[in-house]
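Here's protein-v2.cif, which has mmCIF, C-alpha atoms:
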```
data_protein
loop_
_atom_site.label_atom_id
_atom_site.label_comp_id
_atom_site.auth_asym_id
_atom_site.auth_seq_id
_atom_site.Cartn_x
_atom_site.Cartn_y
_atom_site.Cartn_z
CA MET A 1 -20.31 -8.48 4.14
CA ASN A 2 -16.72 -9.68 3.97
CA ILE A 3 -14.09 -7.01 3.31
CA LEU A 4 -10.43 -7.84 2.75
CA VAL A 5 -7.80 -5.10 2.91
CA CYS A 6 -4.40 -5.61 1.29
CA VAL A 7 -1.67 -3.93 3.35
CA LYS A 8 2.09 -3.75 2.81
CA TYR A 9 5.05 -3.63 5.15
CA VAL A 10 7.48 -1.03 3.78
CA PRO A 11 10.82 0.45 4.90
CA ASP A 12 10.42 3.58 6.97
CA ALA A 13 10.92 6.51 4.60
CA THR A 14 12.59 8.52 7.37
CA ALA A 15 15.18 5.80 8.06
CA ASP A 16 18.36 4.95 6.17
CA ARG A 17 17.07 2.54 3.53
CA GLN A 18 19.39 -0.01 1.96
CA PHE A 19 19.56 -2.52 -0.89
CA GLU A 20 20.61 -6.16 -0.76
CA SER A 21 23.52 -7.47 -2.85
CA ASP A 22 21.01 -8.57 -5.54
CA ASN A 23 19.66 -4.98 -5.76
CA THR A 24 16.39 -5.82 -4.01
CA VAL A 25 15.14 -3.62 -1.18
CA ASP A 26 16.37 -4.65 2.26
CA ARG A 27 13.17 -5.40 4.17
CA VAL A 28 14.79 -7.26 7.07
CA GLY A 29 17.70 -5.13 8.25
CA VAL A 30 15.81 -1.81 8.33
CA ASP A 31 12.94 -0.40 10.33
CA GLY A 32 9.60 -0.92 8.64
CA LEU A 33 5.95 -0.09 9.14
CA LEU A 34 2.49 -0.31 7.60
CA SER A 35 2.52 1.73 4.40
CA GLU A 36 0.89 5.08 5.07
CA LEU A 37 -1.15 4.83 1.87
CA ASP A 38 -2.54 1.48 3.02
CA GLU A 39 -3.70 3.05 6.27
CA TYR A 40 -6.27 4.95 4.18
CA ALA A 41 -7.48 1.61 2.76
CA VAL A 42 -7.90 0.21 6.27
CA GLU A 43 -9.75 3.34 7.32
CA GLN A 44 -12.21 3.18 4.43
CA ALA A 45 -12.83 -0.52 5.04
CA LEU A 46 -13.62 0.22 8.68
CA GLN A 47 -15.96 3.07 7.73
CA ILE A 48 -17.82 0.78 5.33
CA LYS A 49 -18.12 -1.79 8.11
CA GLU A 50 -19.46 0.79 10.54
CA LYS A 51 -22.11 1.77 8.05
CA ALA A 52 -23.03 -1.79 7.05
CA GLY A 53 -23.40 -3.18 10.57
CA ASP A 54 -21.95 -5.77 12.92
CA ASP A 55 -22.35 -8.65 10.47
CA THR A 56 -19.52 -7.15 8.37
CA GLU A 57 -16.00 -8.50 8.88
CA VAL A 58 -12.72 -6.82 7.89
CA THR A 59 -9.65 -8.96 7.24
CA ALA A 60 -6.16 -7.50 6.76
CA LEU A 61 -3.88 -9.37 4.34
CA CYS A 62 -0.13 -8.87 4.04
CA VAL A 63 2.59 -10.60 2.00
CA GLY A 64 6.11 -10.15 3.31
CA PRO A 65 8.97 -11.26 5.57
CA GLU A 66 8.62 -12.17 9.22
CA LYS A 67 8.68 -8.55 10.40
CA ALA A 68 5.81 -7.75 8.02
CA VAL A 69 3.45 -9.12 10.66
CA ASP A 70 3.69 -5.66 12.23
CA ALA A 71 1.68 -4.28 9.31
CA VAL A 72 -1.31 -6.54 9.93
CA ARG A 73 -1.02 -6.01 13.66
CA LYS A 74 -1.37 -2.26 13.07
CA ALA A 75 -4.49 -2.94 10.99
CA LEU A 76 -5.89 -5.07 13.83
CA GLN A 77 -5.18 -2.28 16.29
CA MET A 78 -7.04 0.16 14.07
CA GLY A 79 -10.11 -2.10 14.13
CA ALA A 80 -9.79 -4.95 11.62
CA ASP A 81 -11.33 -8.19 12.87
CA LYS A 82 -8.67 -10.67 11.78
CA ALA A 83 -5.47 -10.86 9.77
CA ILE A 84 -3.55 -13.08 7.38
CA HIS A 85 0.22 -12.99 6.86
CA VAL A 86 1.63 -14.80 3.84
CA LEU A 87 5.19 -15.71 4.81
CA ASP A 88 7.57 -17.67 2.61
CA ASP A 89 11.26 -17.14 1.86
CA ALA A 90 10.64 -17.88 -1.83
CA ILE A 91 8.57 -14.68 -2.17
CA ALA A 92 11.58 -12.40 -1.61
CA GLY A 93 12.36 -10.32 -4.68
CA SER A 94 8.91 -10.73 -6.24
CA ASP A 95 7.73 -8.00 -8.59
CA ALA A 96 4.18 -6.65 -8.91
CA ILE A 97 3.09 -9.52 -11.16
CA ALA A 98 4.16 -12.22 -8.72
CA THR A 99 2.84 -10.23 -5.76
CA SER A 100 -0.58 -9.96 -7.37
CA LEU A 101 -0.55 -13.74 -7.91
CA VAL A 102 0.13 -14.46 -4.24
CA LEU A 103 -2.45 -11.90 -3.13
CA ALA A 104 -5.08 -13.33 -5.49
CA LYS A 105 -4.53 -16.87 -4.23
CA ALA A 106 -4.76 -15.63 -0.64
CA VAL A 107 -7.98 -13.76 -1.36
CA GLU A 108 -9.47 -16.88 -2.95
CA LYS A 109 -8.47 -18.99 0.06
CA ALA A 110 -9.88 -16.42 2.48
CA GLY A 111 -13.06 -15.90 0.43
CA PRO A 112 -15.67 -15.46 -0.59
CA VAL A 113 -15.20 -11.70 -0.25
CA ASP A 114 -17.47 -8.85 -1.25
CA LEU A 115 -14.87 -6.11 -1.36
CA VAL A 116 -11.08 -6.09 -1.75
CA VAL A 117 -9.65 -2.73 -0.69
CA CYS A 118 -6.13 -1.50 -1.54
CA GLY A 119 -4.14 1.68 -1.17
CA MET A 120 -3.44 3.72 -4.31
CA ALA A 121 0.24 2.67 -4.31
CA SER A 122 2.98 1.43 -2.04
CA THR A 123 5.33 4.02 -0.58
CA ASP A 124 8.42 2.04 -1.58
CA ALA A 125 7.82 1.06 -5.23
CA SER A 126 4.93 3.48 -6.02
CA MET A 127 3.84 1.46 -9.07
CA SER A 128 0.04 1.65 -8.50
CA VAL A 129 -0.55 -1.46 -10.62
CA VAL A 130 -1.23 -4.23 -8.09
CA PRO A 131 -4.95 -3.41 -7.56
CA ALA A 132 -5.62 -3.69 -11.32
CA MET A 133 -3.57 -6.89 -11.60
CA LEU A 134 -5.40 -8.31 -8.60
CA ALA A 135 -8.79 -7.53 -10.12
CA GLU A 136 -7.75 -9.25 -13.36
CA ARG A 137 -6.59 -12.38 -11.55
CA LEU A 138 -9.79 -12.51 -9.47
CA ASN A 139 -11.96 -11.77 -12.51
CA LEU A 140 -13.57 -8.88 -10.66
CA PRO A 141 -14.41 -5.33 -11.74
CA GLN A 142 -12.15 -2.62 -10.40
CA VAL A 143 -12.87 0.89 -9.14
CA THR A 144 -9.55 2.65 -8.56
CA PHE A 145 -8.10 5.89 -7.16
CA ALA A 146 -11.23 6.71 -5.17
CA SER A 147 -11.12 9.91 -3.13
CA VAL A 148 -14.74 9.65 -1.91
CA ILE A 149 -16.48 6.32 -1.31
CA GLU A 150 -20.19 5.73 -0.78
CA THR A 151 -21.85 2.34 -0.34
CA GLN A 152 -25.45 1.23 -0.25
CA GLY A 153 -26.20 -2.46 -0.12
CA ASP A 154 -24.03 -4.11 -2.76
CA GLN A 155 -23.51 -0.84 -4.65
CA VAL A 156 -20.31 1.22 -4.51
CA ARG A 157 -20.06 4.76 -5.85
CA VAL A 158 -16.79 6.68 -5.84
CA LYS A 159 -15.36 10.01 -6.93
CA ARG A 160 -12.07 9.86 -8.79
CA ASP A 161 -10.10 13.06 -9.28
CA GLY A 162 -7.98 13.30 -12.43
CA ASP A 163 -5.67 15.97 -13.79
CA THR A 164 -8.36 17.47 -16.01
CA ALA A 165 -11.67 16.15 -14.70
CA THR A 166 -13.46 14.46 -11.82
CA GLU A 167 -15.30 11.20 -12.50
CA VAL A 168 -18.10 9.54 -10.55
CA ILE A 169 -17.99 5.77 -11.00
CA GLY A 170 -20.31 3.08 -9.70
CA GLY A 171 -19.92 -0.67 -9.35
CA THR A 172 -21.63 -3.71 -7.91
CA MET A 173 -19.91 -5.94 -5.37
CA PRO A 174 -17.86 -8.04 -5.43
CA LEU A 175 -15.14 -5.74 -6.74
CA VAL A 176 -11.63 -4.43 -6.11
CA LEU A 177 -11.42 -0.88 -4.77
CA SER A 178 -8.32 1.29 -4.37
CA VAL A 179 -8.42 4.54 -2.41
CA THR A 180 -6.24 7.64 -2.42
CA ASP A 181 -4.75 9.67 0.41
CA GLN A 182 -7.60 12.16 -0.09
CA SER A 183 -10.23 9.69 1.12
CA GLY A 184 -9.97 10.73 4.77
CA GLU A 185 -7.45 10.66 7.59
CA ALA A 186 -6.76 7.23 9.04
CA ARG A 187 -7.61 6.74 12.70
CA TYR A 188 -4.95 6.20 15.35
CA PRO A 189 -5.12 2.93 17.29
CA SER A 190 -6.58 3.52 20.74
CA PHE A 191 -5.26 1.81 23.85
CA LYS A 192 -8.40 -0.33 23.86
CA GLY A 193 -7.80 -1.23 20.22
CA ILE A 194 -4.16 -2.15 20.89
CA MET A 195 -5.13 -4.47 23.73
CA ALA A 196 -8.03 -6.01 21.79
CA ALA A 197 -5.76 -6.71 18.79
CA LYS A 198 -3.74 -9.20 20.86
CA LYS A 199 -6.75 -11.52 21.02
CA LYS A 200 -7.80 -11.28 17.36
CA PRO A 201 -7.11 -14.17 14.95
CA LEU A 202 -3.88 -13.90 12.95
CA GLU A 203 -3.08 -16.72 10.54
CA THR A 204 0.22 -17.38 8.77
CA TRP A 205 0.11 -19.03 5.34
CA SER A 206 2.89 -20.31 3.11
CA LEU A 207 3.01 -20.67 -0.67
CA ALA A 208 2.15 -24.35 -0.22
CA ASP A 209 -1.00 -23.37 1.67
CA LEU A 210 -2.01 -21.25 -1.32
CA GLY A 211 -1.06 -23.82 -3.96
CA VAL A 212 1.51 -21.48 -5.51
CA ASP A 213 4.65 -22.93 -7.08
CA ALA A 214 7.79 -21.25 -5.73
CA ALA A 215 9.08 -21.02 -9.32
CA GLU A 216 6.28 -18.51 -10.10
CA VAL A 217 7.49 -15.95 -7.56
CA GLY A 218 10.71 -14.44 -6.32
CA LEU A 219 13.53 -12.63 -8.05
CA GLY A 220 14.08 -15.39 -10.61
CA ALA A 221 10.51 -15.08 -11.89
CA ALA A 222 10.41 -11.27 -11.91
CA TRP A 223 9.62 -9.51 -15.19
CA THR A 224 11.62 -6.48 -14.06
CA GLU A 225 15.17 -6.12 -12.80
CA VAL A 226 17.12 -3.42 -11.02
CA LEU A 227 20.50 -3.28 -12.74
CA GLU A 228 22.29 -0.80 -10.53
CA THR A 229 21.84 1.22 -7.35
CA ALA A 230 23.80 4.16 -5.99
CA ALA A 231 23.85 5.80 -2.60
CA ARG A 232 22.21 9.18 -2.33
CA PRO A 233 24.94 11.86 -2.57
CA PRO A 234 25.53 13.92 0.57
CA ARG A 235 23.92 17.31 0.74
CA THR A 236 26.15 20.14 -0.28
CA ALA A 237 26.16 23.69 0.94
CA GLY A 238 23.88 26.02 -0.94
CA GLU A 239 25.01 29.07 -2.85
CA ILE A 240 24.55 32.38 -1.08
CA VAL A 241 23.80 35.40 -3.25
CA LYS A 242 24.59 38.77 -1.72
CA ASP A 243 22.87 41.86 -3.00
CA GLU A 244 25.43 44.41 -1.89
CA ASP A 245 25.80 46.01 -5.32
CA GLY A 246 22.23 45.48 -6.56
CA SER A 247 23.08 42.43 -8.67
CA GLY A 248 21.19 39.94 -6.47
CA ALA A 249 18.05 39.90 -8.61
CA THR A 250 20.06 39.22 -11.76
CA ALA A 251 22.05 36.43 -10.09
CA LEU A 252 18.87 34.83 -8.80
CA THR A 253 17.20 35.02 -12.21
CA ASP A 254 20.26 33.50 -13.90
CA PHE A 255 20.29 30.64 -11.36
CA LEU A 256 16.60 29.84 -11.86
CA ALA A 257 17.04 29.96 -15.64
CA SER A 258 20.04 27.59 -15.46
CA LYS A 259 17.87 25.05 -13.59
CA LYS A 260 15.06 25.61 -16.12
CA PHE A 261 12.67 26.79 -13.40
CA ILE A 262 11.86 29.84 -15.49
#
```
Spell out the structure here as C-alpha cells.
Amino acid sequence: MNILVCVKYVPDATADRQFESDNTVDRVGVDGLLSELDEYAVEQALQIKEKAGDDTEVTALCVGPEKAVDAVRKALQMGADKAIHVLDDAIAGSDAIATSLVLAKAVEKAGPVDLVVCGMASTDASMSVVPAMLAERLNLPQVTFASVIETQGDQVRVKRDGDTATEVIGGTMPLVLSVTDQSGEARYPSFKGIMAAKKKPLETWSLADLGVDAAEVGLGAAWTEVLETAARPPRTAGEIVKDEDGSGATALTDFLASKKFI
C-alpha cells in the first residue's frame, strides 16, 4: 500500500506573525513548523501502515518555501518513509485552488497511491477545502473530517462527528481522507526516529518537474484577495467591579448584557 500525507509548513501561532507588503502571509521571516492539524494526518497514516504491514510506504508531501522542508523532516522523524518538497518561487501567494493543483500534480507524479491523507484544515488559513479540491482534481472519492478510522484491505470506514449527528462512512481505496484533531494524539519523534530521518529520501520538485505553468499559481492567479490587514490592537486593562455597596451583581449583569453574552 502506498500512502501519501499532505503536510503544511505554517507560521508558529505563538510567534509574532506578519504580512508581506502584498498582504500575503510572511512565511520566510517568521518561525514556522509543521501544522499541528497535519500531525494527526501523519499519525493516522503511520497507524494504517503499522496495521497493514511492512510492504506499506508512507510519503510526506509539502508545498512551500525553502524553510518548509522542516515540515516534511518532522514527518520523517515521526516515522514516514520518504518525503517530497515542492519548492518554486512562483507558488508564493497561491490560494487553495492553486495549492490543490500543485498537490494533485505532485500526487500524480509520486503515484500510484492508495490513500491520500490530509489534516482537517491548516492552522493559518483554516479553510478546510483543499482535501475536497484535491479529490476532485485526482478524480477520487473523498472521506472527510474523520475522527475514527478503520481499515481492512482496501476498505476504509470512518466516523464523522457533526453538530447534530454522527455518521459512519465507508469507502474503497484509492481515496482522499482527511482527519480531525479527535483522531488520536500524534506521536513525538524519538531520538532513534530523528537520527533515522537523516538517511531517508527527500526529493525537491519544481513546477517544471510537475508540468505546471507558473501562470496557473501564485498571487496573480488567485481567486481570492486580501484587501487590507491591521495589526492586532494591544491588550487593555480590564474593568474591575467592586462590590462594596452590593451593586457588583448588577454591574456584572449589565456588562454581560452589553456584550450580548446574556
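Residue selection for this entry, given the PyMOL selection byres ((chain A and resi 171) around 12), comprises Asp114, Leu115, Leu140, Pro141, Gln142, Val143, Thr144, Ile149, Glu150, Thr151, Gln152, Gly153, Asp154, Gln155, Val156, Arg157, Val158, Lys159, Val168, Ile169, Gly170, Thr172, Met173, Pro174, Leu175, Val176 and Leu177 of chain A.
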Let's have the selection written as a compact mmCIF listing (two decimals), keeping the file's coordinate frame, with C-alpha atoms.
```
# COMPACT_ATOMS: atom_id res chain seq x y z
CA ASP A 114 -17.47 -8.85 -1.25
CA LEU A 115 -14.87 -6.11 -1.36
CA LEU A 140 -13.57 -8.88 -10.66
CA PRO A 141 -14.41 -5.33 -11.74
CA GLN A 142 -12.15 -2.62 -10.40
CA VAL A 143 -12.87 0.89 -9.14
CA THR A 144 -9.55 2.65 -8.56
CA ILE A 149 -16.48 6.32 -1.31
CA GLU A 150 -20.19 5.73 -0.78
CA THR A 151 -21.85 2.34 -0.34
CA GLN A 152 -25.45 1.23 -0.25
CA GLY A 153 -26.20 -2.46 -0.12
CA ASP A 154 -24.03 -4.11 -2.76
CA GLN A 155 -23.51 -0.84 -4.65
CA VAL A 156 -20.31 1.22 -4.51
CA ARG A 157 -20.06 4.76 -5.85
CA VAL A 158 -16.79 6.68 -5.84
CA LYS A 159 -15.36 10.01 -6.93
CA VAL A 168 -18.10 9.54 -10.55
CA ILE A 169 -17.99 5.77 -11.00
CA GLY A 170 -20.31 3.08 -9.70
CA THR A 172 -21.63 -3.71 -7.91
CA MET A 173 -19.91 -5.94 -5.37
CA PRO A 174 -17.86 -8.04 -5.43
CA LEU A 175 -15.14 -5.74 -6.74
CA VAL A 176 -11.63 -4.43 -6.11
CA LEU A 177 -11.42 -0.88 -4.77
```
*Let me know the residues the PyMOL selection byres ((chain A and resi 86) around 8) catches in the file above, as a list of chain:residue names.*
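Listing what the PyMOL selection byres ((chain A and resi 86) around 8) selects in the shown file: A:Leu61, A:Cys62, A:Val63, A:Gly64, A:Ile84, A:His85, A:Leu87, A:Asp88, A:Ala106, A:Thr204, A:Trp205, A:Ser206, A:Leu207.
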*What's the 9 Å shell around Lys109 (chain A), counting all atoms listed in the file, without same-chain residues fewer than 3 positions away, as a list in words?*
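The filter keeps Ala104, Lys105, Ala106, Pro112, Asp209 and Leu210 of chain A.
With all atoms listed in the file as the atoms that count, the minimum distance from Leu34 (chain A) to the choices A:Ala52, A:Leu46, A:Val7, A:Ile240 is reached by A:Val7.
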_Distance query region 218-232 of chain A at most 7 Å, all atoms listed in the file, self and fewer than 3 positions along chain excluded, as number ranges by chain_ = A: 23, 90-95, 215
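If you look at CA of Cys118 (chain A) and CA of Glu20 (chain A), they are 27.2 Å away from each other.
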_Distance in Å - CA of Asp89 (chain A) versus CA of Glu66 (chain A)_ = 9.3 Å
*Atom-to-atom span, CA of Ile194 (chain A) and CA of Arg73 (chain A), Å*: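 Going from CA of Ile194 (chain A) over to CA of Arg73 (chain A), I get 8.8 Å.
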Which polymer residues have any atom within 12 Å of an atom of Lys49 (chain A), counting all atoms listed in the file, with same-chain residues fewer than 4 positions away left out, as an mmCIF file with C-alpha atoms, in the frame of the given file?
```cif
data_model
loop_
_atom_site.group_PDB
_atom_site.id
_atom_site.type_symbol
_atom_site.label_atom_id
_atom_site.label_comp_id
_atom_site.auth_asym_id
_atom_site.auth_seq_id
_atom_site.Cartn_x
_atom_site.Cartn_y
_atom_site.Cartn_z
ATOM 1 C CA MET A 1 -20.310 -8.480 4.140
ATOM 2 C CA ASN A 2 -16.720 -9.680 3.970
ATOM 3 C CA ILE A 3 -14.090 -7.010 3.310
ATOM 4 C CA LEU A 4 -10.430 -7.840 2.750
ATOM 5 C CA VAL A 42 -7.900 0.210 6.270
ATOM 6 C CA GLU A 43 -9.750 3.340 7.320
ATOM 7 C CA GLN A 44 -12.210 3.180 4.430
ATOM 8 C CA ALA A 45 -12.830 -0.520 5.040
ATOM 9 C CA GLY A 53 -23.400 -3.180 10.570
ATOM 10 C CA ASP A 54 -21.950 -5.770 12.920
ATOM 11 C CA ASP A 55 -22.350 -8.650 10.470
ATOM 12 C CA THR A 56 -19.520 -7.150 8.370
ATOM 13 C CA GLU A 57 -16.000 -8.500 8.880
ATOM 14 C CA VAL A 58 -12.720 -6.820 7.890
ATOM 15 C CA THR A 59 -9.650 -8.960 7.240
ATOM 16 C CA GLY A 79 -10.110 -2.100 14.130
ATOM 17 C CA ALA A 80 -9.790 -4.950 11.620
ATOM 18 C CA ASP A 81 -11.330 -8.190 12.870
ATOM 19 C CA ASP A 114 -17.470 -8.850 -1.250
ATOM 20 C CA LEU A 115 -14.870 -6.110 -1.360
ATOM 21 C CA GLU A 150 -20.190 5.730 -0.780
ATOM 22 C CA THR A 151 -21.850 2.340 -0.340
ATOM 23 C CA GLN A 152 -25.450 1.230 -0.250
ATOM 24 C CA GLY A 153 -26.200 -2.460 -0.120
#
```
*Residue IDs satisfying the PyMOL selection byres ((chain A and resi 199) around 12), as JSON, numbers by chain*: {"A": [73, 76, 77, 80, 81, 82, 83, 192, 193, 194, 195, 196, 197, 198, 200, 201, 202]}
